[in-house]
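Engineer: Mind having a look at this structure? Questions to follow.
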Protein chains: 4
Amino acid sequence: MTTLASQSASPSPVTDRRDDLYRRFDQVRDTTEAFCRPLQVEDYVLQAHENASPTKWHLAHTSWFFEKFVLEAHVPNYEPFRRPYYFLFNSYYNTAGPMHCRPNRGLISRPTVEETYAYRRVVNERVHAFFDQASDVVFAEAADVIELGLHHEQQHQELMVTDLKYNFSCNPLLPAYRDDLLDTPEHQEGSQTQACGSVTPEWLDFQGGLVEVGHPGNGHGFSFDNEHPRHRVFLHAFQLADRCVTNAEFAAFIADGGYERHELWLSAGYAWATQRNITQPLYWFRDGAQGNQRDMEIDAPTGVDGWSEFTLAGPRAVHPDEPVSHLSYFEADAFARWAGARLPTEFEWEHAVTQTQAPEAPPQTDDPTRGSMLDDARFHPVPGSNPSQATSNQLQHAIGNLWEWTSSSYAAYPGYTPLPGALGEYNGKFMCNQYVLRGGSCATPISHARPTYRNFFSPESRWQFAGLRLAR
Amino acid sequence: MTTLASQSASPSPVTDRRDDLYRRFDQVRDTTEAFCRPLQVEDYVLQAHENASPTKWHLAHTSWFFEKFVLEAHVPNYEPFRRPYYFLFNSYYNTAGPMHCRPNRGLISRPTVEETYAYRRVVNERVHAFFDQASDVVFAEAADVIELGLHHEQQHQELMVTDLKYNFSCNPLLPAYRDDLLDTPEHQEGSQTQACGSVTPEWLDFQGGLVEVGHPGNGHGFSFDNEHPRHRVFLHAFQLADRCVTNAEFAAFIADGGYERHELWLSAGYAWATQRNITQPLYWFRDGAQGNQRDMEIDAPTGVDGWSEFTLAGPRAVHPDEPVSHLSYFEADAFARWAGARLPTEFEWEHAVTQTQAPEAPPQTDDPTRGSMLDDARFHPVPGSNPSQATSNQLQHAIGNLWEWTSSSYAAYPGYTPLPGALGEYNGKFMCNQYVLRGGSCATPISHARPTYRNFFSPESRWQFAGLRLAR
Amino acid sequence: MTTLASQSASPSPVTDRRDDLYRRFDQVRDTTEAFCRPLQVEDYVLQAHENASPTKWHLAHTSWFFEKFVLEAHVPNYEPFRRPYYFLFNSYYNTAGPMHCRPNRGLISRPTVEETYAYRRVVNERVHAFFDQASDVVFAEAADVIELGLHHEQQHQELMVTDLKYNFSCNPLLPAYRDDLLDTPEHQEGSQTQACGSVTPEWLDFQGGLVEVGHPGNGHGFSFDNEHPRHRVFLHAFQLADRCVTNAEFAAFIADGGYERHELWLSAGYAWATQRNITQPLYWFRDGAQGNQRDMEIDAPTGVDGWSEFTLAGPRAVHPDEPVSHLSYFEADAFARWAGARLPTEFEWEHAVTQTQAPEAPPQTDDPTRGSMLDDARFHPVPGSNPSQATSNQLQHAIGNLWEWTSSSYAAYPGYTPLPGALGEYNGKFMCNQYVLRGGSCATPISHARPTYRNFFSPESRWQFAGLRLAR
Amino acid sequence: MTTLASQSASPSPVTDRRDDLYRRFDQVRDTTEAFCRPLQVEDYVLQAHENASPTKWHLAHTSWFFEKFVLEAHVPNYEPFRRPYYFLFNSYYNTAGPMHCRPNRGLISRPTVEETYAYRRVVNERVHAFFDQASDVVFAEAADVIELGLHHEQQHQELMVTDLKYNFSCNPLLPAYRDDLLDTPEHQEGSQTQACGSVTPEWLDFQGGLVEVGHPGNGHGFSFDNEHPRHRVFLHAFQLADRCVTNAEFAAFIADGGYERHELWLSAGYAWATQRNITQPLYWFRDGAQGNQRDMEIDAPTGVDGWSEFTLAGPRAVHPDEPVSHLSYFEADAFARWAGARLPTEFEWEHAVTQTQAPEAPPQTDDPTRGSMLDDARFHPVPGSNPSQATSNQLQHAIGNLWEWTSSSYAAYPGYTPLPGALGEYNGKFMCNQYVLRGGSCATPISHARPTYRNFFSPESRWQFAGLRLAR
């Protein structure tokens, strides 16, 4: 497992690494459960879309990952807690055996929530025992996969947030995960769209040239295989907006007929929008109506241009200065064309961000340029700084707040090698018809983000916290 | 509301009727909840098919029915408990207002199970208050709808059983509702199919002629509008089997290539079976494999010809002498053709049964000719009597055990008039592409069954306890 | 082949029957080709719907029928003209071997039209040789199937008309089969709907009672197996309209919101209409727009309420007094409910018509009560008589003009036995989810119609010339 | 129209360009019709897949292109030949007006083939008149679009070949376009797969570095907007196979379980193959069976490993040394992984080819390194040279024979600007979820090919002549 090994090797001896992983294991496992505390038992069961797995499934699948790839692989004569869980909680690893059908995850009431927590506890205990008892040699063999398991669970923490938001949004009652999450924006009632065409970010200049991208590897902390190898690319000079596109700007696009003007859209995007009657970002609604529950009246506060949106704090006015979220690649691309700009490539984005940050470094908790992240437990992006600060000549919220669509199709870096065995299915097999997003969102754990991180989704995906930053 | 009124008018004064309905209201409402007691909270949420609504939804919908059609209609200035419940828990009454999308009932975690029970309690209290306080005139106006509401809830009791069975069957773990429901059949392991073609019920003879069918109406207890008016039909002489087709007989049909022999099938049925790869009754499986979870091994006891089946007591051996259940109309029809017989018409069935029973009378609890019913809390049919009893020259288990497919398309009786208003949507609008089933099943309440009762499902439906009795 | 034999046996000796069939064989085969004369080669290839087979396919399939069931069955060592035609031109006879996929019939350019006519010629020559050379014994064995083949080809003559109309209607140019077919109706431009609710046919009274229905059998000419056996049914007293519902009456239904009023519709019908956005009879259009070619302007004469319709003579004004055609069962049923009436049962219809006509007799060519038929080569219904004639107290156009939907689900008569062998698939296997139509249409050959004839289609079918006559 | 202008401006005066275009206009228009000469009228009508338009449609659409973008745009008061043709024969230019629904092109028998040729003749005459009469100023404005129209028609020449092949392949008779196209390969009957893993092309070395790609523009002949601007990219050192993968090599992949081994496939590709039961290249079949006509026996010569394939000369043995064709991107990618190699990027491919050829130059007719092309009228690739020649250290058949899948997602070059107006829809709007193919095929006109040419299709497309060349 050379790639993983080289990525996470550290100067500290095995004992130090064992202690570090032990501590972080407990942290990550706790964070997962902490997010669930406000939920009712029924909430754990829902799956309103193939992509939006039940909370219960995430709790179990992240445990299965440790059981399958750490315990079974490294504990002699390991007996699984419940053998059928190997079938139920495998996600997509064909190499690891047959698996339950993904769209049916919401049809499973048993194991119950309580039994699922019991599963977590048993796996925790067994991993603890492994931490306590494994020889240095054995532990060294397992350490990289434990590390991977932690980042895997952090990815699922993000999915738990976005999946829950989606699943809740399909309930006509529009229930709140926690109604104290967000403060009410002031003075937003009935606010108007800004004048058309008023997309005026500050433009930051970059010279381009032959630059290096990708994770620096060995000794620089964790990374996924798809961030490797670090390599050279040639960039032409470009400009990047200092901030993401705002709700007010996107409302102006809508008011200008943006969804109906075919010349702004990719052909596949226009077909997607017209066939599904898509006329606004995923969770926006107006006139008390929303796609899923068209015939039920909802009382909701209204914001820019009369728009409301569903959030994990329930229905809320759309705030003009917050960045627009829950866009598909198609919508991001059409907006950019409307604004006379374009999406950046993933390498333009990475190059720009790494001018001021180490490519492999997560943001500091108190970094004022980072946006909202999972650790803030807000689950909603924050607005950009006010205009006086906007002259600071820096990228705001590149890390955090929203994943930012790039124009780059998700592909292998030159010389890319997937991990061996089942874990080789982690990233590589998805390199088709997906587009890269960068930066991390308000649902991403801080320690999970870094400039070289490559997220990817199909171009019609909207249930992630995804927005856009213009380039030209 | 003439039809209903005439059906349920009784010689007793309003006060007697009020007492009777009050008592039965509490009984029926309690029975619904009693069935749910063994469930876990998560079980209430599942909907694995458009037709298999969540238990939670049934609990709420049956309460909505009383709230909408009794309380709102007859209590001045009535305020609904929660107005959005009118949207969420309306099933298909367009006249009563807009409604939630049926296939999405399983995507709703709120109201929670606890809140749903609270809804039931409030509706119960308000109906109790109505019983206590309504004037005789007002009560007389409402009485027929209360009566209808009770039978409506009994229909949903049956659906709660069949829907739960379907929903549980989609869990690869094949969980049991209660594992103490059924005793283990003796000596069934590895039993063989009977000799091919050995369908040898006792045949009972009926002369036919110009006979009356349908509910006798006024003064004969409750009935649905579709059982009216009582009218004459001409029947040719026919024979009816004394018992339903057994599992052993159906296994012989399978072993004889029944599912592959196009000449036995209706064209639509053959297309249905081949396109969906249907090769056995809904819940049968063999060799540790079942449709929904083909790749997971299940340890299950095996019965006739190696077949196992899923029941509400979990996986179980298929018992050769029990009647075969969970058949579609297509399978019932193909089996009958294979056996050199046919399905009876609904009028042949009704005429045969009413030779010994009043058309409108529910069975006696201790009637030895009735099959298993909801009150027995077995949720599985019982085998026919042994051969020595088979000479008794009577229809066994015509009421109870299984709904019996008839060859009759569900249609209006001559002169049929639906109820006025929203309740006119109860039965009449479904009179197309459905086939009539008669008799009631092991999930039907005893007091809800009678010979004139017309159940109906589309010909591919299999999730009900439905079997067949041969005619010729 | 007892059923067929008994149906068509005649007192004449075999020689007479041979001569008669020979003559009719040539007539029927010629009629098929005569219909095709106005077509261009390209027209023969089209299949715009699974149900609307190419003209070329009909030409070949009707030849295959004679080749397969007459020549192969009765000529020793018969060699097929082209063996692959057995695969290509079998329609649905599983017993006769594998077959080409029905929806793909329009993807076959070879055999060409010319080759298809060559196939017909060869089959004709071989059947002629069989007529000339078969011994009396052999011929007697084949005679019934030849007779069946003739009626089979007449059925396909009707389908050639309706399929061509459908296929042409999918061309935005709305081409005419022959533009001299229909005279232009006078004074129809901009005519208004009649006053709402003005459905005022003359009502004819029938006493009902225990009556006989079905074909009288042996010695009464040809019939299909599904018309047998003749049997008794009990009818309640009923009334039947003297004429079919007119275009003006149906336009009033539309103007009254008929398509939007759920209470008028069967549940399945309302779902069908709303999901497919159906708001008028199949070929009606208005404001230069039609479903298939919404964005192309069409200049078309307008009739009642501004409606135009597509006919085999091209676009034409909707004539108020012509009977409304190309309705589904769902639309016919909804209209009847709107008009305060209902559809007749197939037995009411047959009983009413056989009061004045022999059950098995085709109409006379000059019978003034028959409607337009294939022999008239008009391919469009004629209007009913004028009011002064309407007092004649008779059923107008019961035979011809339009097939009339009945409320009867297509089912076996008591004691029904399908033909043996492959021909047993002709009718019986379709007895599910279809509704019976009676009477014959403007596309039915005169010699192919009789009062006992049972046509059947699924309730959403609209491409046949189908209308309705009210009952109550 | 700056891009087009700059691409095709030439030092010659307008008169020279007019003469040149006039001559080439007639050549291209004739070539289109020459391909059709062996067809029967019925063949022109077929559309067996949304992507496989009828020959008749191609004939008309290429004429519409000249009528709409040359005549209407540059002839004052132009009256269209038939106005409805603007609707029927617009392909996907929303800016040019509404259009007929693409999957319905095969449902249109009128205009007939003869009328379609008449349309071509009228357009030809009117373009001739424009050549003859337009002033120099007007002609100069139109010249670039005429040039584009010629290349547009050449693209449709290729599609006419591939669409006809697809449409014919859906006929169970597997008819030949011309049965004299291909000579019978010798000694192929029953030949065996080569030893597994024997993919042994000669590997050619390239150094990479910062290189230029894209069309050189102004003064270098025609190009599409998507080949611009020429720009720098950084390439790592790589190797490219001297020839494409052969049928024998692909048969070895199949024999090695290639289609069943999930680890070789992209996730989307594996789902595609398993859900559609894809187990061989598009036109391969074996044991007399093929997907579309599984139940009809076909006598076909067999080649490598018993495989036959459908060609425009009818069924034929699969030749081991010919390059494997009609692969999807998914299959090409899986094969490359199986062979321990990968697909080249489009820039590696272009860089390698332009080492010996000018980037903008079509091949010479007698260039021995080019493969089969449209001008050869073979419509099938030729085998690579024999081993003794294989030491020539050059890329064989990079231009012609087969389009070669690259790993590059189709995207805009840095600074890409689409053409203005409706023609801006030509290329740019398809830059999503498509992969680039390079080189041209046996259906590409010689004068239409060049090293910078970017073809693109969605990754599941197989009906083009597409294969692969390995890189590593």
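Here, A, B, ... name the chains of the structure tokens in the order displayed, residue numbers run from 1 inside each chain, and ligands are numbered from 1 in the same displayed order.
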How far apart are chain A and chain D by Cα RMSD after a least-squares superposition over every Cα, paired in order?

Structural biologist: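 Overlaying the two chains on their C-alpha atoms yields 0.1 Å.
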
Engineer: Near range 363-380 of chain C, counting only C-alpha atoms, which residues have an atom at most 7 Å away, once you skip same-chain residues fewer than 4 positions from it, shown as a PyMOL selection string?

Structural biologist: chain C and resi 181-182+396-401+441-446

Engineer: Store the residues of this selection in a file with all heavy atoms, as a compact mmCIF listing (two decimals), in the first residue's frame.

Structural biologist:
# COMPACT_ATOMS: atom_id res chain seq x y z
N LEU C 181 -61.29 12.24 -50.16
CA LEU C 181 -62.16 11.30 -49.44
C LEU C 181 -63.45 11.94 -48.94
O LEU C 181 -64.53 11.36 -49.02
CB LEU C 181 -61.43 10.77 -48.20
CG LEU C 181 -60.51 9.57 -48.33
CD1 LEU C 181 -59.99 9.22 -46.96
CD2 LEU C 181 -61.25 8.40 -48.95
N LEU C 182 -63.32 13.11 -48.37
CA LEU C 182 -64.43 13.72 -47.65
C LEU C 182 -64.77 15.05 -48.29
O LEU C 182 -63.88 15.82 -48.64
CB LEU C 182 -64.05 13.93 -46.19
CG LEU C 182 -63.67 12.69 -45.39
CD1 LEU C 182 -63.14 13.07 -44.03
CD2 LEU C 182 -64.89 11.79 -45.24
N GLN C 396 -79.88 3.86 -34.71
CA GLN C 396 -79.18 4.29 -35.91
C GLN C 396 -77.71 3.89 -35.83
O GLN C 396 -77.06 4.10 -34.81
CB GLN C 396 -79.25 5.81 -36.06
CG GLN C 396 -80.63 6.35 -36.27
CD GLN C 396 -80.58 7.87 -36.35
OE1 GLN C 396 -79.73 8.42 -37.03
NE2 GLN C 396 -81.49 8.51 -35.65
N HIS C 397 -77.22 3.38 -36.92
CA HIS C 397 -75.78 3.15 -37.08
C HIS C 397 -75.18 2.27 -36.00
O HIS C 397 -74.03 2.43 -35.64
CB HIS C 397 -75.03 4.50 -37.10
CG HIS C 397 -75.50 5.41 -38.18
ND1 HIS C 397 -75.26 6.76 -38.19
CD2 HIS C 397 -76.20 5.16 -39.32
CE1 HIS C 397 -75.80 7.31 -39.26
NE2 HIS C 397 -76.38 6.37 -39.96
N ALA C 398 -76.01 1.35 -35.48
CA ALA C 398 -75.45 0.42 -34.49
C ALA C 398 -74.34 -0.42 -35.14
O ALA C 398 -73.31 -0.70 -34.52
CB ALA C 398 -76.55 -0.48 -33.92
N ILE C 399 -74.59 -0.81 -36.40
CA ILE C 399 -73.54 -1.50 -37.14
C ILE C 399 -72.88 -0.46 -38.05
O ILE C 399 -73.55 0.25 -38.79
CB ILE C 399 -74.11 -2.65 -37.98
CG1 ILE C 399 -74.88 -3.64 -37.10
CG2 ILE C 399 -72.98 -3.37 -38.75
CD1 ILE C 399 -74.06 -4.44 -36.13
N GLY C 400 -71.55 -0.37 -37.98
CA GLY C 400 -70.82 0.60 -38.80
C GLY C 400 -70.61 1.91 -38.08
O GLY C 400 -70.98 2.07 -36.91
N ASN C 401 -69.95 2.83 -38.76
CA ASN C 401 -69.61 4.15 -38.22
C ASN C 401 -68.53 4.07 -37.14
O ASN C 401 -67.39 4.39 -37.38
CB ASN C 401 -70.84 4.87 -37.67
CG ASN C 401 -71.25 6.05 -38.55
OD1 ASN C 401 -70.75 6.19 -39.67
ND2 ASN C 401 -72.13 6.90 -38.05
N SER C 441 -67.03 -0.46 -37.35
CA SER C 441 -66.78 0.95 -37.63
C SER C 441 -66.69 1.23 -39.12
O SER C 441 -66.86 0.32 -39.95
CB SER C 441 -65.47 1.37 -36.97
OG SER C 441 -64.37 0.98 -37.77
N CYS C 442 -66.37 2.47 -39.43
CA CYS C 442 -66.19 2.88 -40.83
C CYS C 442 -64.96 2.23 -41.46
O CYS C 442 -64.70 2.46 -42.64
CB CYS C 442 -66.12 4.40 -40.91
SG CYS C 442 -64.84 5.11 -39.86
N ALA C 443 -64.22 1.45 -40.66
CA ALA C 443 -63.07 0.72 -41.22
C ALA C 443 -63.32 -0.78 -41.23
O ALA C 443 -62.44 -1.56 -41.59
CB ALA C 443 -61.82 1.04 -40.42
N THR C 444 -64.52 -1.21 -40.86
CA THR C 444 -64.85 -2.64 -40.81
C THR C 444 -65.51 -3.07 -42.13
O THR C 444 -66.45 -2.41 -42.58
CB THR C 444 -65.84 -2.91 -39.65
OG1 THR C 444 -65.35 -2.32 -38.47
CG2 THR C 444 -66.05 -4.40 -39.46
N PRO C 445 -65.05 -4.17 -42.72
CA PRO C 445 -65.75 -4.66 -43.91
C PRO C 445 -67.18 -5.10 -43.56
O PRO C 445 -67.40 -5.68 -42.48
CB PRO C 445 -64.91 -5.88 -44.33
CG PRO C 445 -63.58 -5.70 -43.67
CD PRO C 445 -63.86 -4.95 -42.41
N ILE C 446 -68.10 -4.84 -44.44
CA ILE C 446 -69.50 -5.18 -44.17
C ILE C 446 -69.65 -6.65 -43.85
O ILE C 446 -70.32 -7.03 -42.88
CB ILE C 446 -70.38 -4.80 -45.38
CG1 ILE C 446 -70.48 -3.26 -45.48
CG2 ILE C 446 -71.77 -5.41 -45.26
CD1 ILE C 446 -71.26 -2.77 -46.68

Engineer: Give the answer as one residue: which of D:Leu210, D:Leu46, D:Ala142, D:Val382 has the shortest atom-to-atom distance to Lys68 in chain D, using only C-alpha atoms?

Structural biologist: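 Closest to Lys68 in chain D of all the choices is D:Ala142.
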
Engineer: State, in Å with one decimal place, the distance from CA of Glu153 in chain D to CA of Thr62 in chain D.

Structural biologist: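 That distance, rounded to one decimal, is 5.6 Å.
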
Engineer: Give me, as a list in words, the residues of range 60-287 of chain A that a backbone DSSP run labels strand (DSSP E).

Structural biologist: Trp203, Leu204, Asp205, Phe206, Gly209, Leu210, Val211, Glu212, Val213, His231, Arg232, Val233, Phe234, Leu235, Phe238, Gln239, Leu240, Ala241, Trp284 and Phe285 of chain A

Engineer: For the selection you just gave me, I'd like the residues written to a file as a compact mmCIF listing (two decimals), in the first residue's frame, keeping N, CA and C atoms.

Structural biologist:
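Just written: part.txt:
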# COMPACT_ATOMS: atom_id res chain seq x y z
N TRP A 203 -11.62 41.20 -8.63
CA TRP A 203 -10.92 40.17 -9.42
C TRP A 203 -9.46 40.12 -9.01
N LEU A 204 -9.00 38.96 -8.66
CA LEU A 204 -7.60 38.76 -8.27
C LEU A 204 -6.83 38.20 -9.47
N ASP A 205 -5.63 38.70 -9.69
CA ASP A 205 -4.85 38.32 -10.87
C ASP A 205 -3.83 37.23 -10.56
N PHE A 206 -3.72 36.29 -11.49
CA PHE A 206 -2.71 35.24 -11.36
C PHE A 206 -2.00 35.08 -12.70
N GLY A 209 1.59 30.01 -15.81
CA GLY A 209 2.89 29.44 -16.11
C GLY A 209 2.93 27.97 -15.77
N LEU A 210 4.11 27.41 -15.73
CA LEU A 210 4.25 25.99 -15.41
C LEU A 210 4.27 25.85 -13.90
N VAL A 211 3.23 25.30 -13.34
CA VAL A 211 3.09 25.26 -11.88
C VAL A 211 2.91 23.82 -11.42
N GLU A 212 3.11 23.60 -10.14
CA GLU A 212 2.91 22.27 -9.58
C GLU A 212 1.56 22.18 -8.88
N VAL A 213 0.91 21.07 -9.06
CA VAL A 213 -0.36 20.81 -8.37
C VAL A 213 -0.33 19.40 -7.81
N HIS A 231 2.32 17.04 -9.69
CA HIS A 231 2.83 17.11 -11.06
C HIS A 231 2.71 18.52 -11.60
N ARG A 232 3.36 18.74 -12.72
CA ARG A 232 3.35 20.07 -13.34
C ARG A 232 2.21 20.22 -14.34
N VAL A 233 1.59 21.38 -14.35
CA VAL A 233 0.62 21.74 -15.40
C VAL A 233 0.94 23.15 -15.85
N PHE A 234 0.53 23.47 -17.08
CA PHE A 234 0.76 24.82 -17.58
C PHE A 234 -0.54 25.62 -17.50
N LEU A 235 -0.50 26.73 -16.84
CA LEU A 235 -1.68 27.60 -16.71
C LEU A 235 -1.46 28.90 -17.46
N PHE A 238 -4.85 34.18 -15.52
CA PHE A 238 -6.29 34.19 -15.26
C PHE A 238 -6.61 35.09 -14.09
N GLN A 239 -7.90 35.39 -13.96
CA GLN A 239 -8.40 36.13 -12.80
C GLN A 239 -9.42 35.27 -12.06
N LEU A 240 -9.45 35.44 -10.77
CA LEU A 240 -10.40 34.69 -9.95
C LEU A 240 -11.11 35.67 -9.03
N ALA A 241 -12.43 35.51 -8.87
CA ALA A 241 -13.20 36.39 -7.98
C ALA A 241 -12.78 36.16 -6.54
N TRP A 284 -34.73 26.53 -2.80
CA TRP A 284 -35.47 27.78 -2.85
C TRP A 284 -36.95 27.51 -3.18
N PHE A 285 -37.82 28.34 -2.63
CA PHE A 285 -39.23 28.29 -3.02
C PHE A 285 -39.84 29.68 -2.84

Engineer: Starting from chain A, keep only residues with some atom at most 9 Å from an atom of chain D, counting only C-alpha atoms, and report them as number ranges by chain.

Structural biologist: A: 94-95, 210, 231-236, 262-269, 407-411, 414-415, 422, 424-425, 428-434, 459, 472

Engineer: Which residues in range 168-323 of chain B does DSSP call helix (DSSP H, G or I)? List them as number ranges by chain.

Structural biologist: B: 168-169, 225-227, 247-255, 262-264, 267-275, 291-293, 304-306

Engineer: Can you tell me how far CA of Val145 in chain D sits from CA of Ser461 in chain D, in Å to one decimal?

Structural biologist: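 Separating CA of Val145 in chain D from CA of Ser461 in chain D is a distance of 29.2 Å.
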
Engineer: When you look at Arg462 in chain B with a cut-off of 9 Å (counting only C-alpha atoms), what residues show up, excluding the ones that are within fewer than 2 positions of it in the same chain? I need them as a PyMOL selection string.

Structural biologist: chain B and resi 281-282+325-329+459-460+464-466

Engineer: Take the residues from that selection and write them out as a short mmCIF file (atom, residue, chain, number, x, y, z; two decimals), in the first residue's frame, keeping N, CA and C atoms.

Structural biologist:
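Below is the file out00.cif, written as the result:
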data_model
loop_
_atom_site.label_atom_id
_atom_site.label_comp_id
_atom_site.auth_asym_id
_atom_site.auth_seq_id
_atom_site.Cartn_x
_atom_site.Cartn_y
_atom_site.Cartn_z
N PRO B 281 -44.72 -18.09 -5.79
CA PRO B 281 -45.54 -17.13 -5.04
C PRO B 281 -44.67 -16.09 -4.34
N LEU B 282 -45.29 -14.96 -4.02
CA LEU B 282 -44.53 -13.79 -3.57
C LEU B 282 -43.47 -14.08 -2.51
N SER B 325 -50.85 -19.06 -0.80
CA SER B 325 -51.27 -17.67 -0.61
C SER B 325 -50.34 -16.73 -1.37
N HIS B 326 -50.72 -15.44 -1.37
CA HIS B 326 -49.92 -14.39 -2.02
C HIS B 326 -49.73 -14.67 -3.51
N LEU B 327 -50.83 -15.08 -4.13
CA LEU B 327 -50.85 -15.25 -5.58
C LEU B 327 -51.48 -14.03 -6.23
N SER B 328 -51.01 -13.72 -7.41
CA SER B 328 -51.71 -12.76 -8.26
C SER B 328 -52.88 -13.45 -8.94
N TYR B 329 -53.77 -12.63 -9.50
CA TYR B 329 -54.84 -13.18 -10.33
C TYR B 329 -54.24 -14.00 -11.46
N PRO B 459 -54.90 -7.25 -11.21
CA PRO B 459 -54.58 -8.68 -11.36
C PRO B 459 -53.14 -9.04 -11.04
N GLU B 460 -52.25 -8.08 -10.96
CA GLU B 460 -50.85 -8.42 -10.63
C GLU B 460 -50.58 -8.32 -9.13
N GLN B 464 -51.54 -9.18 -0.82
CA GLN B 464 -52.63 -9.58 0.05
C GLN B 464 -52.59 -11.10 0.29
N PHE B 465 -53.26 -11.54 1.34
CA PHE B 465 -53.42 -12.98 1.56
C PHE B 465 -54.48 -13.49 0.57
N ALA B 466 -54.04 -13.81 -0.63
CA ALA B 466 -54.98 -14.18 -1.68
C ALA B 466 -54.61 -15.53 -2.27
#
